[in-house]
>>> print(open('start_2.cif').read())   # mmCIF, C-alpha atoms and all ligand atoms
data_coords
#
loop_
_atom_site.label_atom_id
_atom_site.label_comp_id
_atom_site.auth_asym_id
_atom_site.auth_seq_id
_atom_site.Cartn_x
_atom_site.Cartn_y
_atom_site.Cartn_z
CA MET A 187 51.69 52.65 118.56
CA LYS A 188 54.89 54.17 117.18
CA THR A 189 54.85 57.85 116.24
CA TYR A 190 56.43 59.06 112.98
CA LYS A 191 56.96 62.82 112.70
CA ILE A 192 56.97 64.26 109.20
CA ALA A 193 58.13 67.68 108.00
CA ILE A 194 57.52 69.18 104.57
CA ALA A 195 59.99 71.73 103.15
CA GLY A 196 58.64 73.55 100.11
CA PHE A 197 55.04 74.64 100.38
CA GLY A 198 53.80 75.47 96.89
CA GLY A 199 51.06 73.52 95.14
CA VAL A 200 52.75 70.11 95.46
CA GLY A 201 53.84 70.62 99.09
CA ARG A 202 50.31 71.68 100.06
CA ALA A 203 48.73 68.77 98.20
CA THR A 204 51.14 66.38 99.94
CA ALA A 205 50.27 67.81 103.36
CA SER A 206 46.52 67.51 102.75
CA LEU A 207 46.78 63.98 101.39
CA LEU A 208 48.96 62.92 104.31
CA LEU A 209 46.46 64.32 106.83
CA SER A 210 43.57 62.59 105.05
CA ARG A 211 45.40 59.23 105.22
CA ARG A 212 46.24 59.23 108.93
CA MET A 213 43.63 56.57 109.68
CA ARG A 214 45.08 54.36 106.94
CA TYR A 215 48.56 54.63 108.48
CA ARG A 216 47.13 53.56 111.85
CA ASP A 217 45.15 50.65 110.39
CA VAL A 218 47.76 49.30 107.97
CA TYR A 219 51.06 50.07 109.75
CA GLY A 220 50.06 50.68 113.35
CA ALA A 221 51.71 54.07 112.89
CA ASP A 222 50.73 57.41 114.37
CA VAL A 223 51.89 59.64 111.50
CA ARG A 224 52.03 63.32 112.45
CA LEU A 225 52.81 66.31 110.27
CA VAL A 226 54.93 68.34 112.69
CA ALA A 227 56.27 71.12 110.45
CA VAL A 228 55.81 72.71 107.04
CA CYS A 229 57.69 75.64 105.56
CA GLY A 230 58.08 77.60 102.37
CA SER A 231 61.00 79.83 101.46
CA ARG A 232 60.24 82.44 104.13
CA SER A 233 57.55 81.18 106.48
CA GLY A 234 56.37 78.06 108.22
CA VAL A 235 54.46 76.49 111.08
CA ALA A 236 55.30 73.67 113.48
CA ASP A 237 53.46 71.69 116.15
CA VAL A 238 55.03 68.67 117.81
CA ASP A 239 51.56 67.20 118.49
CA GLY A 240 50.76 67.26 114.78
CA LEU A 241 49.39 70.02 112.57
CA GLU A 242 45.77 70.06 111.46
CA GLU A 243 44.55 71.34 108.09
CA GLU A 244 43.47 74.75 109.42
CA GLN A 245 46.94 75.44 110.87
CA LEU A 246 48.39 75.15 107.35
CA LEU A 247 46.55 78.30 106.28
CA THR A 248 48.62 80.68 108.42
CA LEU A 249 52.37 80.33 108.07
CA GLU A 250 54.51 82.67 110.15
CA ASP A 251 57.37 84.68 108.69
CA GLY A 252 60.87 83.71 109.75
CA PHE A 253 60.11 79.99 110.25
CA SER A 254 62.00 78.31 107.44
CA GLY A 255 65.29 76.60 106.58
CA PRO A 256 67.05 73.38 107.59
CA ALA A 257 67.46 74.54 111.21
CA PHE A 258 63.70 75.04 111.50
CA ILE A 259 63.09 71.49 110.25
CA GLU A 260 65.77 70.15 112.60
CA ALA A 261 64.15 71.91 115.57
CA SER A 262 60.73 70.45 114.74
CA GLY A 263 61.97 66.99 115.77
CA ALA A 264 60.83 65.46 112.48
CA ASP A 265 62.21 62.03 111.70
CA ILE A 266 61.16 62.02 108.03
CA LEU A 267 61.58 64.95 105.62
CA ILE A 268 59.52 65.45 102.47
CA GLU A 269 61.26 67.98 100.20
CA ALA A 270 58.91 69.68 97.71
CA GLY A 271 60.61 72.97 96.84
CA PRO A 272 61.24 74.51 93.43
CA SER A 273 63.54 72.52 91.16
CA ASP A 274 66.81 73.96 89.79
CA PHE A 275 69.20 71.44 88.27
CA ARG A 276 71.85 74.10 87.57
CA THR A 277 72.35 74.99 91.26
CA GLY A 278 70.57 72.20 93.16
CA GLY A 279 67.89 74.69 94.23
CA PRO A 280 66.77 75.42 97.78
CA GLY A 281 66.05 71.72 98.30
CA LEU A 282 69.73 70.83 98.35
CA ALA A 283 70.42 72.34 101.79
CA TYR A 284 67.34 70.68 103.30
CA ILE A 285 68.18 67.27 101.84
CA ARG A 286 71.86 67.46 102.85
CA SER A 287 70.93 68.43 106.39
CA ALA A 288 68.32 65.66 106.73
CA LEU A 289 70.49 62.89 105.29
CA SER A 290 73.51 63.96 107.36
CA ALA A 291 71.37 63.64 110.49
CA GLY A 292 70.19 60.16 109.45
CA ARG A 293 66.64 61.38 108.74
CA ASP A 294 64.79 59.41 106.07
CA THR A 295 64.13 61.74 103.15
CA ILE A 296 61.53 61.78 100.40
CA VAL A 297 62.48 64.09 97.54
CA ILE A 298 59.96 65.51 95.09
CA SER A 299 61.97 68.25 93.36
CA LYS A 300 64.49 67.12 90.78
CA GLY A 301 67.14 69.85 91.05
CA ALA A 302 69.22 68.63 93.98
CA LEU A 303 69.13 65.01 92.78
CA ALA A 304 70.26 65.94 89.28
CA HIS A 305 72.90 68.39 90.52
CA SER A 306 74.39 66.55 93.51
CA GLY A 307 73.14 62.99 93.17
CA ARG A 308 76.43 61.31 94.00
CA GLN A 309 76.96 63.38 97.15
CA LEU A 310 73.40 62.76 98.35
CA ARG A 311 73.72 59.01 97.77
CA GLU A 312 76.94 59.01 99.79
CA LEU A 313 75.35 60.99 102.61
CA ALA A 314 72.46 58.53 102.78
CA ARG A 315 74.81 55.56 102.69
CA GLY A 316 76.96 57.10 105.43
CA SER A 317 74.12 57.84 107.83
CA GLY A 318 71.87 54.89 106.98
CA ALA A 319 68.98 57.19 106.08
CA MET A 320 66.56 56.07 103.37
CA LEU A 321 66.42 58.34 100.33
CA LYS A 322 63.27 57.92 98.25
CA LEU A 323 62.49 59.87 95.10
CA SER A 324 59.47 58.61 93.18
CA GLY A 325 58.03 62.13 93.02
CA ALA A 326 61.15 63.38 91.24
CA ALA A 327 61.35 60.50 88.75
CA ALA A 328 58.13 61.04 86.77
CA ALA A 329 55.85 60.77 89.84
CA ALA A 330 52.65 58.91 88.91
CA LEU A 331 54.52 56.95 86.25
CA PRO A 332 56.46 54.22 88.06
CA THR A 333 60.11 54.29 87.00
CA ILE A 334 62.46 53.77 89.96
CA ASP A 335 60.03 51.34 91.57
CA LEU A 336 59.70 49.36 88.34
CA VAL A 337 63.41 48.65 88.15
CA GLY A 338 63.82 48.39 91.93
CA HIS A 339 60.92 46.03 92.60
CA SER A 340 59.11 44.63 89.56
CA LEU A 341 62.24 43.90 87.50
CA LYS A 342 64.55 43.17 90.44
CA GLY A 343 67.42 40.87 89.58
CA CYS A 344 67.23 41.52 85.85
CA GLU A 345 69.85 43.44 83.95
CA VAL A 346 68.35 46.52 82.32
CA LEU A 347 69.55 46.70 78.71
CA SER A 348 67.68 49.81 77.60
CA VAL A 349 65.16 52.37 78.76
CA GLU A 350 63.02 54.65 76.64
CA GLY A 351 60.68 57.14 78.30
CA ILE A 352 58.16 59.85 77.53
CA LEU A 353 58.95 61.48 80.85
CA ASN A 354 57.69 65.03 80.40
CA ALA A 355 53.98 65.84 80.31
CA THR A 356 54.34 69.27 78.74
CA THR A 357 56.23 68.21 75.62
CA ASN A 358 53.95 65.23 75.11
CA TYR A 359 50.96 67.55 75.39
CA LEU A 360 52.48 70.00 72.89
CA LEU A 361 53.46 67.39 70.30
CA ASP A 362 50.11 65.62 70.66
CA ALA A 363 48.14 68.87 70.30
CA MET A 364 50.18 69.92 67.27
CA THR A 365 49.76 66.49 65.66
CA THR A 366 46.12 65.70 66.39
CA ARG A 367 44.58 69.18 66.58
CA GLY A 368 46.85 71.02 64.19
CA ILE A 369 47.41 73.92 66.61
CA GLY A 370 50.65 75.89 66.83
CA PHE A 371 53.47 75.48 69.35
CA ASP A 372 52.71 78.73 71.23
CA THR A 373 48.99 78.00 71.58
CA ALA A 374 49.67 74.49 72.82
CA LEU A 375 52.24 75.80 75.29
CA ARG A 376 49.74 78.32 76.65
CA GLU A 377 47.30 75.46 77.23
CA ALA A 378 49.97 73.48 79.10
CA GLN A 379 50.75 76.50 81.26
CA GLN A 380 47.05 76.99 82.00
CA GLY A 381 46.88 73.29 82.89
CA GLY A 382 49.53 73.89 85.57
CA PHE A 383 51.96 71.16 84.52
CA ALA A 384 54.52 73.23 82.58
CA GLU A 385 57.60 74.33 84.54
CA ALA A 386 57.76 77.95 85.81
CA ASP A 387 60.27 78.49 82.98
CA PRO A 388 58.75 76.27 80.25
CA ARG A 389 62.07 76.13 78.38
CA ASN A 390 63.03 73.53 80.97
CA ASP A 391 60.30 71.38 79.42
CA THR A 392 60.54 72.33 75.75
CA GLU A 393 64.35 72.22 75.55
CA GLY A 394 64.43 68.75 77.09
CA TRP A 395 65.95 69.58 80.49
CA ASP A 396 63.11 68.23 82.60
CA THR A 397 63.26 64.93 80.69
CA ALA A 398 67.04 64.91 81.12
CA CYS A 399 66.76 65.40 84.89
CA LYS A 400 64.31 62.52 85.25
CA LEU A 401 66.48 60.29 83.07
CA LEU A 402 69.59 61.15 85.08
CA ILE A 403 67.81 60.43 88.35
CA LEU A 404 66.55 57.08 87.07
CA ALA A 405 70.00 56.15 85.76
CA ASN A 406 71.92 57.14 88.87
CA PHE A 407 69.49 56.17 91.63
CA GLY A 408 67.68 53.29 89.92
CA LEU A 409 70.36 51.68 87.77
CA GLY A 410 73.58 52.43 89.63
CA ALA A 411 75.01 54.68 86.91
CA ASP A 412 77.17 57.70 87.71
CA LEU A 413 76.22 60.20 85.02
CA ASP A 414 75.98 63.96 85.11
CA MET A 415 74.24 66.36 82.77
CA ASN A 416 77.40 66.72 80.64
CA ASP A 417 77.19 63.01 79.78
CA LEU A 418 73.80 63.48 78.09
CA THR A 419 73.01 64.78 74.63
CA VAL A 420 69.90 66.91 75.13
CA GLU A 421 67.63 68.11 72.33
CA GLY A 422 64.19 69.62 72.77
CA ILE A 423 61.14 70.33 70.66
CA GLN A 424 61.44 74.12 70.48
CA SER A 425 62.25 74.19 66.78
CA ILE A 426 59.54 71.77 65.62
CA THR A 427 57.30 73.45 63.04
CA GLY A 428 53.80 72.66 61.85
CA ASP A 429 55.29 71.63 58.48
CA ARG A 430 57.57 69.08 60.15
CA ILE A 431 54.63 67.66 62.11
CA GLU A 432 52.58 67.44 58.90
CA ALA A 433 55.41 65.62 57.12
CA TRP A 434 55.58 63.01 59.88
CA ARG A 435 51.79 62.70 59.88
CA SER A 436 51.72 62.00 56.15
CA GLU A 437 54.24 59.18 56.71
CA GLY A 438 52.11 57.68 59.51
CA LEU A 439 54.65 58.63 62.18
CA VAL A 440 54.02 60.19 65.60
CA PRO A 441 56.79 62.30 67.20
CA LYS A 442 57.62 62.06 70.90
CA LEU A 443 60.29 63.65 73.06
CA VAL A 444 62.04 60.66 74.57
CA GLY A 445 64.75 60.14 77.14
CA SER A 446 66.77 57.01 76.42
CA LEU A 447 69.40 54.90 78.12
CA THR A 448 71.27 52.11 76.40
CA ARG A 449 73.76 49.80 78.05
CA VAL A 450 76.94 49.68 75.95
CA ASN A 451 79.85 47.57 77.23
CA GLY A 452 78.49 47.70 80.77
CA ALA A 453 78.00 51.50 80.86
CA PHE A 454 74.92 53.56 80.05
CA ARG A 455 74.75 55.96 77.11
CA ALA A 456 72.01 58.55 77.71
CA GLY A 457 70.25 61.18 75.66
CA VAL A 458 67.09 63.18 75.10
CA GLY A 459 65.64 63.85 71.67
CA ILE A 460 62.72 63.36 69.30
CA ARG A 461 61.88 59.87 68.12
CA THR A 462 59.05 59.00 65.77
CA TYR A 463 56.82 55.95 66.15
CA PRO A 464 54.47 54.12 63.76
CA LEU A 465 50.82 54.16 64.82
CA ALA A 466 50.95 50.54 65.98
CA ASP A 467 53.60 51.32 68.62
CA PRO A 468 52.18 51.89 72.14
CA PHE A 469 54.31 55.05 72.39
CA ALA A 470 52.43 56.57 69.43
CA ASN A 471 49.26 56.35 71.49
CA ILE A 472 50.45 58.17 74.62
CA ARG A 473 48.11 61.15 74.51
CA GLY A 474 47.92 64.56 76.14
CA LYS A 475 49.96 64.89 79.31
CA ASP A 476 50.33 61.15 79.90
CA LYS A 477 53.80 59.62 80.22
CA ALA A 478 55.23 56.20 79.48
CA ILE A 479 58.33 54.10 79.94
CA ARG A 480 59.61 51.04 78.07
CA ILE A 481 62.29 48.96 79.76
CA VAL A 482 64.08 46.04 78.14
CA THR A 483 65.84 43.56 80.42
CA ASP A 484 67.89 40.46 79.82
CA ALA A 485 65.46 38.04 81.45
CA MET A 486 62.00 39.64 81.42
CA GLY A 487 62.03 41.11 77.92
CA GLU A 488 60.06 44.29 77.36
CA THR A 489 57.96 46.02 80.01
CA ILE A 490 55.83 49.09 79.30
CA ALA A 491 54.10 51.29 81.85
CA ILE A 492 51.81 54.22 81.11
CA GLY A 493 51.04 56.87 83.70
CA SER A 494 48.48 59.61 83.94
CA GLY A 495 47.03 61.32 86.99
CA LYS A 496 45.94 64.83 87.83
CA GLU A 497 48.53 67.18 89.31
CA PRO A 498 49.40 68.06 92.00
CA LEU A 499 47.55 65.11 93.55
CA ALA A 500 49.42 62.48 91.52
CA THR A 501 52.84 63.78 92.56
CA ALA A 502 51.73 64.03 96.21
CA ALA A 503 50.55 60.42 95.99
CA ALA A 504 53.90 59.32 94.55
CA ALA A 505 55.70 60.92 97.50
CA LEU A 506 53.35 59.27 99.97
CA LYS A 507 53.88 55.91 98.25
CA ASP A 508 57.52 56.45 99.23
CA LEU A 509 56.41 57.19 102.79
CA GLU A 510 54.58 53.86 102.93
CA HIS A 511 57.69 52.08 101.66
CA ILE A 512 59.63 53.72 104.48
CA LEU A 513 57.02 52.69 107.04
CA THR A 514 57.12 49.13 105.70
CA ALA A 515 60.93 49.05 105.98
CA ARG A 516 60.88 50.54 109.48
CA ILE A 517 58.36 48.02 110.70
CA ALA A 518 60.26 45.11 109.12
CA ASN A 519 63.55 46.24 110.60
CA PRO A 520 62.82 48.30 113.74
CA PHE A 521 66.33 48.02 115.19
CA ARG A 522 67.88 49.75 112.20
CA TYR A 523 66.36 53.02 113.29
N1 LIG B 601 56.88 70.12 83.91
C1 LIG B 601 56.85 68.74 84.23
C2 LIG B 601 56.21 67.96 83.10
C3 LIG B 601 56.10 68.46 85.51
O1 LIG B 601 55.67 68.58 82.19
O2 LIG B 601 56.24 66.74 83.13
C4 LIG B 601 57.00 68.22 86.67
O3 LIG B 601 57.91 67.19 86.43
#
>>> encode(input="start_2.cif", output="C-alpha cells", more="lines below")
Ligand code: HSE
Amino acid sequence: MKTYKIAIAGFGGVGRATASLLLSRRMRYRDVYGADVRLVAVCGSRSGVADVDGLEEEQLLTLEDGFSGPAFIEASGADILIEAGPSDFRTGGPGLAYIRSALSAGRDTIVISKGALAHSGRQLRELARGSGAMLKLSGAAAAALPTIDLVGHSLKGCEVLSVEGILNATTNYLLDAMTTRGIGFDTALREAQQGGFAEADPRNDTEGWDTACKLLILANFGLGADLDMNDLTVEGIQSITGDRIEAWRSEGLVPKLVGSLTRVNGAFRAGVGIRTYPLADPFANIRGKDKAIRIVTDAMGETIAIGSGKEPLATAAAALKDLEHILTARIANPFRY
C-alpha cells in the first residue's frame, strides 16, 4: 500500500476541520484508493506538531511554539500540502510562502485560502507547471459550491460564454435577511458574524472583494484567463438601504451580489455588483448563506448549480475532494510522481 504524507499549514477553524475530516476518512482512502494517507504535520502561524508515522486527533490539541513556516513543512517529509491560512488578497497572505515553497519542490498543493491565488495566480500556475506539481483549489473557489470542477469536468470541451455567480455567503445572507425579514444591514451583518461565515474584516464581504477573489480564481485557474484585480469593476452592498430594498420588493425584484464573467471577442470581461432578479429566476430563490452559479456554454447551454453546507465542514470537504482527485491522478499515472 502506498503512503501519502499530508501537511496542513494554517490551523484555524478550517484547518482543524480539514485535519479531523481527513483522519476520519483514513479507512475510506485505504478501501477506495489503496492509500495509506497520513497527516504528518500541522502548523499555525507560530506553533505546530509533526509525526512522520501520522498524527492522531489527540496530538492536534497541543501544538508547540516555534514549529511553523515553509521549512517546518519541508522537514516533515510531506508530499501533499493543504494550505488553510488566513486570506489576504492585497499581499498574498501567509499562505503565499507555503504555496510557493511546496510548488517549487514539486509537492502537490491544495489551497483553501484565496489571498495567494488572487494576488499571485500567474506565478503560482507557472511554478506548478514548471515542477509538475498539481495545484487544486476548490476550497478557495466557493468551496461547497462546485465552480472550478464544473468547468473542468462537467462542461469539459465546451466554450464558456458567460458566468454569473452568487459566490459570497455573507452578502447573500444580508440581502436575503433585509428583503424577507425587513431587518437592517447592521443587524443582519451581526447575525452573519455570529454564524461564523463573515470574513474577519466583513468589509471584504460587503464591499465585494471576497466575490471578486473567487471570480478571479475561477477565471484564471478554471477558464485560462489572465486577469488581476485591476481588471475587475467591484461594487458591494454597503450602501444598500432599507428603502432601496423595499423599492425592489414592490417591483417583484430580488437583489443579489453577483460576480460575472462575459466572453467578449475571445477575452473575459469581469465585474462584481448588484443584479436584480424576478421571482421566477432560480437566482431569486437562493436563500440565506447559500451560493449559486450559472454558466452558459456554446454547446451545453445553461447550467446552474446551487451549494449550501455548514462551515467549516463544507470547506474542509471541498479541500478533501481535491485530495481524492490527486489520489485518483496519482494512481492512474504512478510514474509521473
Ligand atoms: N466570507 C465568505 C463568504 C466565506 O461569506 O462566503 C469564505 O469564503
>>> residues_around(input="start_2.cif", residues="Ala485 in chain A", least_positions_apart="5", cutoff="12 Å", atoms="all atoms listed in the file", output="mmCIF file with C-alpha atoms, in the coordinates of the input")
data_model
loop_
_atom_site.group_PDB
_atom_site.id
_atom_site.type_symbol
_atom_site.label_atom_id
_atom_site.label_comp_id
_atom_site.auth_asym_id
_atom_site.auth_seq_id
_atom_site.Cartn_x
_atom_site.Cartn_y
_atom_site.Cartn_z
ATOM 1 C CA LEU A 341 62.240 43.900 87.500
ATOM 2 C CA LYS A 342 64.550 43.170 90.440
ATOM 3 C CA GLY A 343 67.420 40.870 89.580
ATOM 4 C CA CYS A 344 67.230 41.520 85.850
ATOM 5 C CA GLU A 345 69.850 43.440 83.950
ATOM 6 C CA VAL A 346 68.350 46.520 82.320
ATOM 7 C CA LEU A 347 69.550 46.700 78.710
#
>>> residues_near_ligand(input="start_2.cif", ligand="ligand LIG 601 (chain B)", cutoff="7 Å", atoms="all atoms listed in the file", output="list of chain:residue names")
A:Ala326, A:Ala328, A:Leu353, A:Asn354, A:Ala355, A:Thr356, A:Thr357, A:Phe383, A:Ala384, A:Glu385, A:Asp391, A:Asp396
>>> atom_distance(input="start_2.cif", atom1="CA of Asp414 in chain A", atom2="CA of Ala502 in chain A")
26.7 Å
>>> residues_around(input="start_2.cif", residues="Asp265 in chain A", least_positions_apart="6", cutoff="12 Å", atoms="only C-alpha atoms", output="short mmCIF file (atom, residue, chain, number, x, y, z; two decimals) with C-alpha atoms, in the coordinates of the input")
data_model
loop_
_atom_site.label_atom_id
_atom_site.label_comp_id
_atom_site.auth_asym_id
_atom_site.auth_seq_id
_atom_site.Cartn_x
_atom_site.Cartn_y
_atom_site.Cartn_z
CA THR A 189 54.85 57.85 116.24
CA TYR A 190 56.43 59.06 112.98
CA LYS A 191 56.96 62.82 112.70
CA ILE A 192 56.97 64.26 109.20
CA ALA A 193 58.13 67.68 108.00
CA ILE A 194 57.52 69.18 104.57
CA VAL A 223 51.89 59.64 111.50
CA ARG A 224 52.03 63.32 112.45
CA LEU A 225 52.81 66.31 110.27
CA VAL A 226 54.93 68.34 112.69
CA ALA A 227 56.27 71.12 110.45
CA VAL A 238 55.03 68.67 117.81
CA ILE A 259 63.09 71.49 110.25
CA ALA A 288 68.32 65.66 106.73
CA LEU A 289 70.49 62.89 105.29
CA ALA A 291 71.37 63.64 110.49
CA GLY A 292 70.19 60.16 109.45
CA ARG A 293 66.64 61.38 108.74
CA ASP A 294 64.79 59.41 106.07
CA THR A 295 64.13 61.74 103.15
CA ILE A 296 61.53 61.78 100.40
CA ALA A 319 68.98 57.19 106.08
CA MET A 320 66.56 56.07 103.37
CA LEU A 509 56.41 57.19 102.79
CA ILE A 512 59.63 53.72 104.48
CA LEU A 513 57.02 52.69 107.04
CA ARG A 516 60.88 50.54 109.48
CA TYR A 523 66.36 53.02 113.29
#
>>> atom_distance(input="start_2.cif", atom1="CA of Ala478 in chain A", atom2="CA of Leu401 in chain A")
12.5 Å
>>> atom_distance(input="start_2.cif", atom1="CA of Leu418 in chain A", atom2="CA of Val200 in chain A")
28.1 Å
>>> residues_around(input="start_2.cif", residues="Glu312 in chain A", least_positions_apart="2", cutoff="12 Å", atoms="all atoms listed in the file", output="mmCIF file with C-alpha atoms, in the frame of the given file")
data_model
loop_
_atom_site.group_PDB
_atom_site.id
_atom_site.type_symbol
_atom_site.label_atom_id
_atom_site.label_comp_id
_atom_site.auth_asym_id
_atom_site.auth_seq_id
_atom_site.Cartn_x
_atom_site.Cartn_y
_atom_site.Cartn_z
ATOM 1 C CA ARG A 286 71.860 67.460 102.850
ATOM 2 C CA LEU A 289 70.490 62.890 105.290
ATOM 3 C CA SER A 290 73.510 63.960 107.360
ATOM 4 C CA GLY A 292 70.190 60.160 109.450
ATOM 5 C CA SER A 306 74.390 66.550 93.510
ATOM 6 C CA GLY A 307 73.140 62.990 93.170
ATOM 7 C CA ARG A 308 76.430 61.310 94.000
ATOM 8 C CA GLN A 309 76.960 63.380 97.150
ATOM 9 C CA LEU A 310 73.400 62.760 98.350
ATOM 10 C CA ALA A 314 72.460 58.530 102.780
ATOM 11 C CA ARG A 315 74.810 55.560 102.690
ATOM 12 C CA GLY A 316 76.960 57.100 105.430
ATOM 13 C CA SER A 317 74.120 57.840 107.830
ATOM 14 C CA GLY A 318 71.870 54.890 106.980
ATOM 15 C CA ALA A 319 68.980 57.190 106.080
ATOM 16 C CA MET A 320 66.560 56.070 103.370
ATOM 17 C CA LEU A 321 66.420 58.340 100.330
ATOM 18 C CA PHE A 407 69.490 56.170 91.630
#
>>> closest_residue(input="start_2.cif", among="A:Gly394, A:Gly408, A:Gly325, A:Gly474", to="Asn358 in chain A", atoms="all atoms listed in the file")
A:Gly474
>>> closest_residue(input="start_2.cif", among="A:Arg389, A:Lys507, A:Lys496, A:Arg214", to="Lys475 in chain A", atoms="all atoms listed in the file")
A:Lys496
>>> closest_residue(input="start_2.cif", among="A:Val349, A:Ile492, A:Leu282, A:Cys229", to="Gly252 in chain A", atoms="only C-alpha atoms")
A:Cys229
>>> closest_residue(input="start_2.cif", among="A:Gly220, A:Gly428, A:Pro498, A:Gly459", to="Gly370 in chain A", atoms="only C-alpha atoms")
A:Gly428
>>> residues_around(input="start_2.cif", residues="Thr514 in chain A", least_positions_apart="4", cutoff="8 Å", atoms="all atoms listed in the file", output="mmCIF file with C-alpha atoms, in the coordinates of the input")
data_model
loop_
_atom_site.group_PDB
_atom_site.id
_atom_site.type_symbol
_atom_site.label_atom_id
_atom_site.label_comp_id
_atom_site.auth_asym_id
_atom_site.auth_seq_id
_atom_site.Cartn_x
_atom_site.Cartn_y
_atom_site.Cartn_z
ATOM 1 C CA TYR A 219 51.060 50.070 109.750
ATOM 2 C CA GLU A 510 54.580 53.860 102.930
ATOM 3 C CA ALA A 518 60.260 45.110 109.120
#
>>> closest_residue(input="start_2.cif", among="A:Ile266, A:Ile369, A:Leu303, A:Ile403", to="Gly279 in chain A", atoms="all atoms listed in the file")
A:Leu303
>>> closest_residue(input="start_2.cif", among="A:Thr392, A:Asn471, A:Ser494, A:Ser210", to="Ser425 in chain A", atoms="only C-alpha atoms")
A:Thr392
>>> residues_around(input="start_2.cif", residues="Pro280 in chain A", least_positions_apart="4", cutoff="10 Å", atoms="all atoms listed in the file", output="number ranges by chain")
A: 195-196, 231, 255, 269-274, 284-285, 299, 301-302
>>> build_atoms(input="start_2.cif", residues="range 308-319 of chain A", atoms="N, CA and C atoms", output="PDB file, in the frame of the given file")
ATOM      1  N   ARG A 308      75.410  62.191  93.410  1.00  0.00           N
ATOM      2  CA  ARG A 308      76.430  61.310  94.000  1.00  0.00           C
ATOM      3  C   ARG A 308      76.641  61.651  95.475  1.00  0.00           C
ATOM      4  N   GLN A 309      76.745  62.955  95.763  1.00  0.00           N
ATOM      5  CA  GLN A 309      76.960  63.380  97.150  1.00  0.00           C
ATOM      6  C   GLN A 309      75.791  62.954  98.036  1.00  0.00           C
ATOM      7  N   LEU A 310      74.570  63.098  97.537  1.00  0.00           N
ATOM      8  CA  LEU A 310      73.400  62.760  98.350  1.00  0.00           C
ATOM      9  C   LEU A 310      73.324  61.247  98.586  1.00  0.00           C
ATOM     10  N   ARG A 311      73.688  60.469  97.574  1.00  0.00           N
ATOM     11  CA  ARG A 311      73.720  59.010  97.770  1.00  0.00           C
ATOM     12  C   ARG A 311      74.748  58.637  98.836  1.00  0.00           C
ATOM     13  N   GLU A 312      75.893  59.324  98.803  1.00  0.00           N
ATOM     14  CA  GLU A 312      76.940  59.010  99.790  1.00  0.00           C
ATOM     15  C   GLU A 312      76.500  59.419 101.187  1.00  0.00           C
ATOM     16  N   LEU A 313      75.832  60.567 101.295  1.00  0.00           N
ATOM     17  CA  LEU A 313      75.350  60.990 102.610  1.00  0.00           C
ATOM     18  C   LEU A 313      74.362  59.975 103.177  1.00  0.00           C
ATOM     19  N   ALA A 314      73.459  59.501 102.322  1.00  0.00           N
ATOM     20  CA  ALA A 314      72.460  58.530 102.780  1.00  0.00           C
ATOM     21  C   ALA A 314      73.139  57.234 103.200  1.00  0.00           C
ATOM     22  N   ARG A 315      74.107  56.805 102.382  1.00  0.00           N
ATOM     23  CA  ARG A 315      74.810  55.560 102.690  1.00  0.00           C
ATOM     24  C   ARG A 315      75.543  55.705 104.023  1.00  0.00           C
ATOM     25  N   GLY A 316      76.163  56.871 104.215  1.00  0.00           N
ATOM     26  CA  GLY A 316      76.960  57.100 105.430  1.00  0.00           C
ATOM     27  C   GLY A 316      76.110  57.114 106.686  1.00  0.00           C
ATOM     28  N   SER A 317      74.922  57.696 106.604  1.00  0.00           N
ATOM     29  CA  SER A 317      74.120  57.840 107.830  1.00  0.00           C
ATOM     30  C   SER A 317      73.100  56.727 107.990  1.00  0.00           C
ATOM     31  N   GLY A 318      72.878  55.943 106.914  1.00  0.00           N
ATOM     32  CA  GLY A 318      71.870  54.890 106.980  1.00  0.00           C
ATOM     33  C   GLY A 318      70.460  55.383 106.729  1.00  0.00           C
ATOM     34  N   ALA A 319      70.313  56.661 106.358  1.00  0.00           N
ATOM     35  CA  ALA A 319      68.980  57.190 106.080  1.00  0.00           C
ATOM     36  C   ALA A 319      68.470  56.642 104.750  1.00  0.00           C
TER      37      ALA A 319
END
